[in-house]
Amino acid sequence: MSSQERFDEALAAVLERVAVTYAEVGTRFPLFADPAGGRWTTTGRGSWTGGFWAGLLWLRARQTGGSDDRAAASACTARLAPWAEADTATRGLILWYGTALAVGDDRAAALRGRAARACLTAMDHELGLVPWGSALGGPRMLARVDGVPGLVQLLAASGPEGAAVAGQHLHRHLDLCLGDDGRHLQPAWHFAAATGWQPCDDPAPGWSRGRAWLLLAVADALHSREVRGRRPDRLEAAAEQLLNDGSVLTGPLVPPAEETRPEGPLDTSAAAITAVALLKLARLRGARSTEFSDRAAAILGRLVSSHLSAGDGDRPAGMLLDGCYDARRGHAVRHELIWGDFFLALGLAVLSGLVDITAV
C-alpha cells in the first residue's frame, strides 16, 4: 500500500468515526473520548472546541456529498451562534473552523460575518489585541497563543479594518509570547494596570500546543495578503524562530505534552496542528517548501501508523489516541480529543485533494 493509499484509508476511518460520534452525541458537542471504549465526554454549548466538531461534520459532508450529512453540519454550525457575541478570543477557534468549510451555506456565512464584527468591536486598541475574555471563566485581560489562530482569518475576512486589527492582534501576541529567539515561548500573559503585562504560570512554557498554535497563526497570516502586507518580514522571521528551535523539524514527530517532562504523556493534537501549519507554510512555495511538506507527511504518517485506533475490541476505529488535554491537572491525558481529530482529518484531506489548505 502506498503512503497516499494509507492516508486515504485513515481519512475514511476518521470520518466514519465522525458518523458514529454523531449518532452517539446528537445535538451535544463531543470534547474528549475515553481511550478504552471511545465513549465521549460532551458539552451542551460546545465550549472553545465546538467549531472543530462542526468542521469535522463539514469534512464528512464534503467526502460523502450526502444531503443528510450537509444538513447535520449546517445544523451544528447554527448551534454555535450564541458564541458570536461571547467575550472570548477563542471565537476564532469556534467560528472560523466551524464555518470555513461550509461552502455555500448562507447561515454559516452570516454567522461568520456576525462573529467577525463582534470581535472587531472587542478590540482593545490601547493593548493592541482582542483580550482573552471572561466567557470561559478566569481573568479576562489575558493574551494567550490559543486566542490567535482562527481569529486572524475571521477578522481579515471582514474587510480592511478587520485585516488591520488581525495584524495588530497577531503581532501583539508575537511581541509578548515569542521572545527574541523563539526557544522560550511564553504562551500566556496577564495584564493589570498597576503592573502591566506579566507572564502566567499556566499554561507554562514548554506547553506542547503553545508553539503549534502560534505557528499555525503565523502561517495563516502569511497566506493573507492583507495581513501579510503590513509586516511580511516580521512574520517570516517569526516563522523561522518557531521552526528553528530544533523540535518542530527535527525533534520527535509527536511531542510530549510538556517539554519539561519528556517521559510524560504525548500530545498527538499538537502534532496534528503542527502538520497543518507546515502544510500551509509549504504552500507558500518558498525554498523550504519540500522540507515542510515532507515533515508534515511524516507527522501525519506517524499519527496514522502509531496512534490511530484500528477498531480492535471495544474501541472504535478512527480514534486519534494519545492526545493530552491538560497534563498539569492530569485531565484527559491519553484521550481522543475533538480538535486533534479535526486537524488530523484536515491534514489528511489536504493530502487527498479534498480540501484546499489555503481556504481553511
# chains A, B, ... in the order shown; residues from 1 in each chain; ligands from 1
>>> residues_around(residues="Gly44 of chain A", least_positions_apart="2", cutoff="8 Å", atoms="only C-alpha atoms", output="short mmCIF file (atom, residue, chain, number, x, y, z; two decimals) with N, CA, C and O atoms, in the first residue's frame")
data_model
loop_
_atom_site.label_atom_id
_atom_site.label_comp_id
_atom_site.auth_asym_id
_atom_site.auth_seq_id
_atom_site.Cartn_x
_atom_site.Cartn_y
_atom_site.Cartn_z
N THR A 27 -27.34 16.33 19.56
CA THR A 27 -27.15 17.78 19.45
C THR A 27 -26.10 18.32 20.41
O THR A 27 -25.87 19.53 20.45
N ARG A 28 -25.46 17.45 21.18
CA ARG A 28 -24.38 17.89 22.06
C ARG A 28 -23.06 17.92 21.29
O ARG A 28 -22.99 17.46 20.14
N PHE A 29 -22.04 18.46 21.92
CA PHE A 29 -20.72 18.61 21.28
C PHE A 29 -19.71 17.70 21.96
O PHE A 29 -19.50 17.81 23.18
N THR A 42 -19.12 15.11 26.68
CA THR A 42 -19.71 16.12 25.79
C THR A 42 -20.04 17.40 26.54
O THR A 42 -20.05 17.44 27.77
N GLY A 46 -20.71 23.57 23.44
CA GLY A 46 -19.55 23.42 22.58
C GLY A 46 -18.24 23.91 23.16
O GLY A 46 -17.18 23.52 22.69
#
>>> residues_around(residues="segment 256-263 of chain A", least_positions_apart="6", cutoff="9 Å", atoms="only C-alpha atoms", output="PyMOL selection string")
chain A and resi 204-209+270+323-328+333
>>> write_last_selection(atoms="all heavy atoms", output="compact mmCIF listing (two decimals), in the first residue's frame")
# COMPACT_ATOMS: atom_id res chain seq x y z
N ALA A 204 2.17 26.87 31.03
CA ALA A 204 3.57 27.23 31.27
C ALA A 204 4.40 27.10 29.99
O ALA A 204 3.99 26.44 29.04
CB ALA A 204 4.15 26.31 32.34
N PRO A 205 5.57 27.74 29.95
CA PRO A 205 6.49 27.50 28.84
C PRO A 205 6.75 26.00 28.68
O PRO A 205 6.87 25.27 29.66
CB PRO A 205 7.75 28.26 29.27
CG PRO A 205 7.25 29.34 30.17
CD PRO A 205 6.10 28.72 30.92
N GLY A 206 6.83 25.57 27.43
CA GLY A 206 7.00 24.14 27.18
C GLY A 206 5.71 23.41 26.92
O GLY A 206 5.72 22.21 26.63
N TRP A 207 4.58 24.12 27.01
CA TRP A 207 3.28 23.52 26.69
C TRP A 207 3.27 23.16 25.21
O TRP A 207 3.54 23.99 24.35
CB TRP A 207 2.18 24.53 27.02
CG TRP A 207 0.79 24.14 26.66
CD1 TRP A 207 0.18 22.94 26.88
CD2 TRP A 207 -0.19 24.98 26.03
NE1 TRP A 207 -1.12 22.98 26.42
CE2 TRP A 207 -1.37 24.20 25.90
CE3 TRP A 207 -0.18 26.29 25.57
CZ2 TRP A 207 -2.53 24.72 25.32
CZ3 TRP A 207 -1.33 26.80 25.00
CH2 TRP A 207 -2.50 26.02 24.89
N SER A 208 2.93 21.93 24.89
CA SER A 208 3.07 21.43 23.52
C SER A 208 2.27 22.23 22.51
O SER A 208 2.74 22.49 21.40
CB SER A 208 2.64 19.96 23.47
OG SER A 208 1.30 19.80 23.93
N ARG A 209 1.06 22.61 22.86
CA ARG A 209 0.22 23.31 21.88
C ARG A 209 0.57 24.79 21.74
O ARG A 209 0.10 25.45 20.81
CB ARG A 209 -1.26 23.13 22.21
CG ARG A 209 -1.74 21.70 22.00
CD ARG A 209 -3.25 21.58 21.98
NE ARG A 209 -3.90 21.92 23.22
CZ ARG A 209 -4.01 21.10 24.28
NH1 ARG A 209 -3.45 19.90 24.25
NH2 ARG A 209 -4.63 21.48 25.37
N ALA A 270 -1.21 18.32 19.35
CA ALA A 270 -0.19 19.32 19.00
C ALA A 270 0.51 18.92 17.71
O ALA A 270 0.81 19.76 16.86
CB ALA A 270 0.82 19.46 20.13
N GLY A 323 -3.89 12.02 22.83
CA GLY A 323 -3.99 13.47 22.96
C GLY A 323 -4.02 13.84 24.43
O GLY A 323 -4.54 13.09 25.26
N CYS A 324 -3.46 14.98 24.77
CA CYS A 324 -3.39 15.39 26.18
C CYS A 324 -4.11 16.72 26.36
O CYS A 324 -3.64 17.76 25.87
CB CYS A 324 -1.95 15.51 26.64
SG CYS A 324 -1.79 15.91 28.39
N TYR A 325 -5.22 16.69 27.05
CA TYR A 325 -6.00 17.91 27.30
C TYR A 325 -5.25 18.82 28.27
O TYR A 325 -5.01 19.99 27.98
CB TYR A 325 -7.37 17.54 27.86
CG TYR A 325 -8.37 18.68 27.86
CD1 TYR A 325 -9.51 18.62 27.08
CD2 TYR A 325 -8.19 19.80 28.67
CE1 TYR A 325 -10.44 19.65 27.08
CE2 TYR A 325 -9.11 20.83 28.68
CZ TYR A 325 -10.24 20.75 27.88
OH TYR A 325 -11.15 21.77 27.88
N ASP A 326 -4.86 18.29 29.44
CA ASP A 326 -4.21 19.11 30.47
C ASP A 326 -3.32 18.22 31.32
O ASP A 326 -3.78 17.55 32.24
CB ASP A 326 -5.27 19.80 31.33
CG ASP A 326 -4.69 20.85 32.26
OD1 ASP A 326 -3.51 20.73 32.63
OD2 ASP A 326 -5.42 21.80 32.62
N ALA A 327 -2.03 18.20 30.99
CA ALA A 327 -1.09 17.33 31.72
C ALA A 327 -0.92 17.78 33.16
O ALA A 327 -0.80 16.95 34.07
CB ALA A 327 0.26 17.33 31.00
N ARG A 328 -0.90 19.09 33.39
CA ARG A 328 -0.64 19.59 34.74
C ARG A 328 -1.70 19.09 35.72
O ARG A 328 -1.37 18.72 36.85
CB ARG A 328 -0.61 21.12 34.73
CG ARG A 328 -0.54 21.73 36.11
CD ARG A 328 -0.47 23.24 36.07
NE ARG A 328 0.87 23.70 35.65
CZ ARG A 328 1.32 24.92 35.86
NH1 ARG A 328 0.58 25.82 36.49
NH2 ARG A 328 2.52 25.27 35.45
N VAL A 333 -5.44 12.80 29.72
CA VAL A 333 -4.04 12.89 29.29
C VAL A 333 -3.66 11.91 28.18
O VAL A 333 -2.60 12.09 27.56
CB VAL A 333 -3.08 12.70 30.49
CG1 VAL A 333 -3.25 13.81 31.49
CG2 VAL A 333 -3.29 11.34 31.15
>>> residues_around(residues="Gly113 of chain A", least_positions_apart="5", cutoff="9 Å", atoms="only C-alpha atoms", output="PyMOL selection string")
chain A and resi 108+118+154-155+157-158
>>> closest_residue(among="A:Asp341, A:Asp68, A:Asp314, A:Asp267", to="Gly38 of chain A", atoms="only C-alpha atoms")
A:Asp314
>>> atom_distance(atom1="atom CA of Arg283 of chain A", atom2="atom CA of Ala109 of chain A")
25.3 Å
>>> residues_around(residues="segment 295-309 of chain A", least_positions_apart="3", cutoff="7 Å", atoms="only C-alpha atoms", output="VMD selection string")
chain A and resid 10 249 253 271 to 272 275 278 to 279 291 to 292 316 to 322
>>> write_last_selection(atoms="N, CA and C atoms", output="PDB file, in the first residue's frame")
ATOM      1  N   ALA A  10      -6.924   6.122   6.185  1.00  0.00           N
ATOM      2  CA  ALA A  10      -7.026   6.728   7.508  1.00  0.00           C
ATOM      3  C   ALA A  10      -8.091   7.825   7.535  1.00  0.00           C
ATOM      4  N   LEU A 249      11.068  20.609  13.313  1.00  0.00           N
ATOM      5  CA  LEU A 249      11.505  19.954  12.085  1.00  0.00           C
ATOM      6  C   LEU A 249      12.397  18.746  12.305  1.00  0.00           C
ATOM      7  N   LEU A 253       8.356  13.402  16.267  1.00  0.00           N
ATOM      8  CA  LEU A 253       7.203  13.669  15.406  1.00  0.00           C
ATOM      9  C   LEU A 253       5.964  13.970  16.238  1.00  0.00           C
ATOM     10  N   ALA A 271       0.769  17.624  17.542  1.00  0.00           N
ATOM     11  CA  ALA A 271       1.407  17.146  16.316  1.00  0.00           C
ATOM     12  C   ALA A 271       0.519  17.407  15.105  1.00  0.00           C
ATOM     13  N   ALA A 272      -0.778  17.156  15.239  1.00  0.00           N
ATOM     14  CA  ALA A 272      -1.699  17.356  14.114  1.00  0.00           C
ATOM     15  C   ALA A 272      -1.798  18.828  13.738  1.00  0.00           C
ATOM     16  N   ALA A 275       1.335  19.748  11.871  1.00  0.00           N
ATOM     17  CA  ALA A 275       1.326  19.235  10.500  1.00  0.00           C
ATOM     18  C   ALA A 275       0.536  20.152   9.576  1.00  0.00           C
ATOM     19  N   LEU A 278       2.525  23.296   8.884  1.00  0.00           N
ATOM     20  CA  LEU A 278       3.595  23.038   7.926  1.00  0.00           C
ATOM     21  C   LEU A 278       3.058  22.903   6.504  1.00  0.00           C
ATOM     22  N   LEU A 279       1.906  22.295   6.345  1.00  0.00           N
ATOM     23  CA  LEU A 279       1.300  22.210   5.016  1.00  0.00           C
ATOM     24  C   LEU A 279       0.983  23.604   4.480  1.00  0.00           C
ATOM     25  N   GLU A 291      10.810  20.615   2.276  1.00  0.00           N
ATOM     26  CA  GLU A 291      11.138  20.215   3.643  1.00  0.00           C
ATOM     27  C   GLU A 291       9.904  20.256   4.535  1.00  0.00           C
ATOM     28  N   PHE A 292       9.122  21.329   4.403  1.00  0.00           N
ATOM     29  CA  PHE A 292       7.926  21.474   5.228  1.00  0.00           C
ATOM     30  C   PHE A 292       6.883  20.409   4.885  1.00  0.00           C
ATOM     31  N   PRO A 316     -13.648   1.778  19.050  1.00  0.00           N
ATOM     32  CA  PRO A 316     -13.976   2.012  17.634  1.00  0.00           C
ATOM     33  C   PRO A 316     -12.739   2.354  16.816  1.00  0.00           C
ATOM     34  N   ALA A 317     -12.833   2.165  15.522  1.00  0.00           N
ATOM     35  CA  ALA A 317     -11.765   2.583  14.618  1.00  0.00           C
ATOM     36  C   ALA A 317     -11.817   4.087  14.400  1.00  0.00           C
ATOM     37  N   GLY A 318     -10.677   4.668  14.009  1.00  0.00           N
ATOM     38  CA  GLY A 318     -10.634   6.075  13.620  1.00  0.00           C
ATOM     39  C   GLY A 318     -10.454   7.057  14.750  1.00  0.00           C
ATOM     40  N   MET A 319     -10.064   6.579  15.949  1.00  0.00           N
ATOM     41  CA  MET A 319      -9.807   7.474  17.079  1.00  0.00           C
ATOM     42  C   MET A 319      -8.337   7.896  17.072  1.00  0.00           C
ATOM     43  N   LEU A 320      -8.066   9.181  17.115  1.00  0.00           N
ATOM     44  CA  LEU A 320      -6.692   9.651  17.300  1.00  0.00           C
ATOM     45  C   LEU A 320      -6.414   9.643  18.794  1.00  0.00           C
ATOM     46  N   LEU A 321      -5.649   8.658  19.227  1.00  0.00           N
ATOM     47  CA  LEU A 321      -5.371   8.471  20.647  1.00  0.00           C
ATOM     48  C   LEU A 321      -4.166   9.291  21.081  1.00  0.00           C
ATOM     49  N   ASP A 322      -3.914   9.283  22.390  1.00  0.00           N
ATOM     50  CA  ASP A 322      -2.728   9.917  22.979  1.00  0.00           C
ATOM     51  C   ASP A 322      -2.719  11.429  22.828  1.00  0.00           C
TER      52      ASP A 322
END
>>> residues_around(residues="Gly50 of chain A", least_positions_apart="5", cutoff="10 Å", atoms="only C-alpha atoms", output="NGL selection string")
:A and (28-31 or 43-45 or 55 or 76-77 or 79-80 or 83 or 91 or 93-95 or 97-98 or 338-339)
>>> closest_residue(among="A:Ala89, A:Leu111, A:Ala193, A:Ala33", to="Leu127 of chain A", atoms="only C-alpha atoms")
A:Ala193
>>> select_by_dssp(residues="segment 258-332 of chain A", states="helix (DSSP H, G or I)", output="PyMOL selection string")
chain A and resi 268-282+289-306
>>> closest_residue(among="A:Gly138, A:Gly196, A:Val130, A:Arg60", to="Gly167 of chain A", atoms="only C-alpha atoms")
A:Val130
>>> atom_distance(atom1="atom CA of Ala13 of chain A", atom2="atom CA of Ala310 of chain A")
8.6 Å
>>> atom_distance(atom1="atom CA of Gly51 of chain A", atom2="atom CA of Gly150 of chain A")
10.2 Å
>>> residues_around(residues="Leu56 of chain A", least_positions_apart="2", cutoff="9 Å", atoms="only C-alpha atoms", output="ChimeraX atom specification")
/A:15,18,51-54,58-61,73,98,338,341-342,345-346
>>> write_last_selection(atoms="all heavy atoms", output="short mmCIF file (atom, residue, chain, number, x, y, z; two decimals), in the first residue's frame")
data_model
loop_
_atom_site.label_atom_id
_atom_site.label_comp_id
_atom_site.auth_asym_id
_atom_site.auth_seq_id
_atom_site.Cartn_x
_atom_site.Cartn_y
_atom_site.Cartn_z
N LEU A 15 -13.37 9.86 9.34
CA LEU A 15 -14.67 10.43 9.00
C LEU A 15 -15.81 9.45 9.26
O LEU A 15 -16.94 9.87 9.53
CB LEU A 15 -14.66 10.91 7.56
CG LEU A 15 -13.71 12.09 7.30
CD1 LEU A 15 -13.78 12.53 5.84
CD2 LEU A 15 -14.03 13.27 8.22
N VAL A 18 -16.56 10.02 12.73
CA VAL A 18 -17.43 11.19 12.87
C VAL A 18 -18.89 10.77 12.80
O VAL A 18 -19.74 11.23 13.59
CB VAL A 18 -17.10 12.23 11.77
CG1 VAL A 18 -18.15 13.34 11.76
CG2 VAL A 18 -15.71 12.81 12.00
N GLY A 51 -16.35 24.46 17.33
CA GLY A 51 -16.12 24.66 15.91
C GLY A 51 -15.41 23.50 15.25
O GLY A 51 -15.58 23.24 14.05
N PHE A 52 -14.61 22.77 16.03
CA PHE A 52 -13.90 21.63 15.46
C PHE A 52 -14.86 20.48 15.16
O PHE A 52 -14.68 19.75 14.19
CB PHE A 52 -12.78 21.18 16.38
CG PHE A 52 -11.76 22.26 16.63
CD1 PHE A 52 -11.46 22.68 17.91
CD2 PHE A 52 -11.12 22.88 15.57
CE1 PHE A 52 -10.54 23.68 18.14
CE2 PHE A 52 -10.19 23.89 15.78
CZ PHE A 52 -9.90 24.29 17.07
N TRP A 53 -15.89 20.32 16.00
CA TRP A 53 -16.90 19.31 15.72
C TRP A 53 -17.70 19.69 14.48
O TRP A 53 -17.91 18.87 13.58
CB TRP A 53 -17.81 19.13 16.93
CG TRP A 53 -18.96 18.18 16.71
CD1 TRP A 53 -20.27 18.42 16.96
CD2 TRP A 53 -18.89 16.83 16.21
NE1 TRP A 53 -21.03 17.31 16.65
CE2 TRP A 53 -20.21 16.32 16.18
CE3 TRP A 53 -17.85 16.01 15.78
CZ2 TRP A 53 -20.51 15.03 15.74
CZ3 TRP A 53 -18.15 14.72 15.33
CH2 TRP A 53 -19.46 14.25 15.31
N ALA A 54 -18.11 20.94 14.39
CA ALA A 54 -18.80 21.38 13.18
C ALA A 54 -17.91 21.20 11.95
O ALA A 54 -18.37 20.74 10.89
CB ALA A 54 -19.23 22.85 13.31
N TRP A 58 -18.55 19.05 8.50
CA TRP A 58 -18.45 19.59 7.13
C TRP A 58 -17.46 18.77 6.29
O TRP A 58 -17.70 18.56 5.09
CB TRP A 58 -18.01 21.06 7.17
CG TRP A 58 -19.14 21.98 7.51
CD1 TRP A 58 -19.29 22.74 8.64
CD2 TRP A 58 -20.30 22.24 6.70
NE1 TRP A 58 -20.45 23.45 8.60
CE2 TRP A 58 -21.10 23.17 7.42
CE3 TRP A 58 -20.74 21.81 5.47
CZ2 TRP A 58 -22.31 23.66 6.93
CZ3 TRP A 58 -21.95 22.28 4.98
CH2 TRP A 58 -22.71 23.19 5.70
N LEU A 59 -16.39 18.29 6.90
CA LEU A 59 -15.47 17.42 6.15
C LEU A 59 -16.16 16.12 5.76
O LEU A 59 -16.00 15.63 4.64
CB LEU A 59 -14.24 17.11 7.01
CG LEU A 59 -13.14 18.18 7.06
CD1 LEU A 59 -12.08 17.80 8.09
CD2 LEU A 59 -12.51 18.37 5.69
N ARG A 60 -16.95 15.58 6.68
CA ARG A 60 -17.71 14.36 6.37
C ARG A 60 -18.68 14.62 5.22
O ARG A 60 -18.79 13.81 4.28
CB ARG A 60 -18.46 13.92 7.63
CG ARG A 60 -19.52 12.86 7.42
CD ARG A 60 -18.96 11.48 7.34
NE ARG A 60 -20.02 10.49 7.19
CZ ARG A 60 -19.83 9.21 6.92
NH1 ARG A 60 -18.61 8.75 6.77
NH2 ARG A 60 -20.84 8.39 6.80
N ALA A 61 -19.38 15.75 5.27
CA ALA A 61 -20.33 16.08 4.20
C ALA A 61 -19.62 16.27 2.87
O ALA A 61 -20.13 15.87 1.82
CB ALA A 61 -21.11 17.34 4.59
N ALA A 73 -24.25 19.03 9.35
CA ALA A 73 -23.18 20.01 9.55
C ALA A 73 -23.74 21.42 9.69
O ALA A 73 -23.31 22.20 10.54
CB ALA A 73 -22.19 19.94 8.38
N GLY A 98 -15.47 26.44 12.53
CA GLY A 98 -16.83 25.93 12.43
C GLY A 98 -17.55 26.35 11.17
O GLY A 98 -18.60 25.79 10.84
N ILE A 338 -11.28 16.19 20.37
CA ILE A 338 -12.01 16.55 19.15
C ILE A 338 -11.19 17.45 18.24
O ILE A 338 -11.27 17.34 17.01
CB ILE A 338 -13.38 17.19 19.51
CG1 ILE A 338 -14.30 17.19 18.30
CG2 ILE A 338 -13.20 18.59 20.10
CD1 ILE A 338 -14.67 15.82 17.80
N ASP A 341 -8.67 15.24 16.37
CA ASP A 341 -9.34 14.58 15.24
C ASP A 341 -9.50 15.54 14.07
O ASP A 341 -9.28 15.18 12.91
CB ASP A 341 -10.74 14.09 15.66
CG ASP A 341 -10.70 12.85 16.53
OD1 ASP A 341 -9.61 12.29 16.76
OD2 ASP A 341 -11.79 12.44 17.01
N PHE A 342 -9.89 16.78 14.38
CA PHE A 342 -10.14 17.75 13.31
C PHE A 342 -8.87 18.05 12.52
O PHE A 342 -8.87 18.00 11.29
CB PHE A 342 -10.71 19.06 13.87
CG PHE A 342 -10.81 20.14 12.82
CD1 PHE A 342 -11.85 20.14 11.90
CD2 PHE A 342 -9.85 21.14 12.74
CE1 PHE A 342 -11.92 21.11 10.91
CE2 PHE A 342 -9.92 22.11 11.76
CZ PHE A 342 -10.97 22.09 10.85
N ALA A 345 -7.79 15.06 10.47
CA ALA A 345 -8.65 14.91 9.29
C ALA A 345 -8.37 16.00 8.27
O ALA A 345 -8.34 15.73 7.05
CB ALA A 345 -10.12 14.94 9.71
N LEU A 346 -8.15 17.23 8.72
CA LEU A 346 -7.87 18.32 7.80
C LEU A 346 -6.56 18.07 7.05
O LEU A 346 -6.49 18.24 5.82
CB LEU A 346 -7.81 19.64 8.56
CG LEU A 346 -7.53 20.90 7.73
CD1 LEU A 346 -8.59 21.08 6.65
CD2 LEU A 346 -7.46 22.14 8.63
#
>>> residues_around(residues="Ala217 of chain A", least_positions_apart="2", cutoff="12 Å", atoms="only C-alpha atoms", output="PyMOL selection string")
chain A and resi 92-93+145-154+166-167+169-171+173-174+210-215+219-224+227-228+235+238-239+242+273-274+276-278+280-281+360
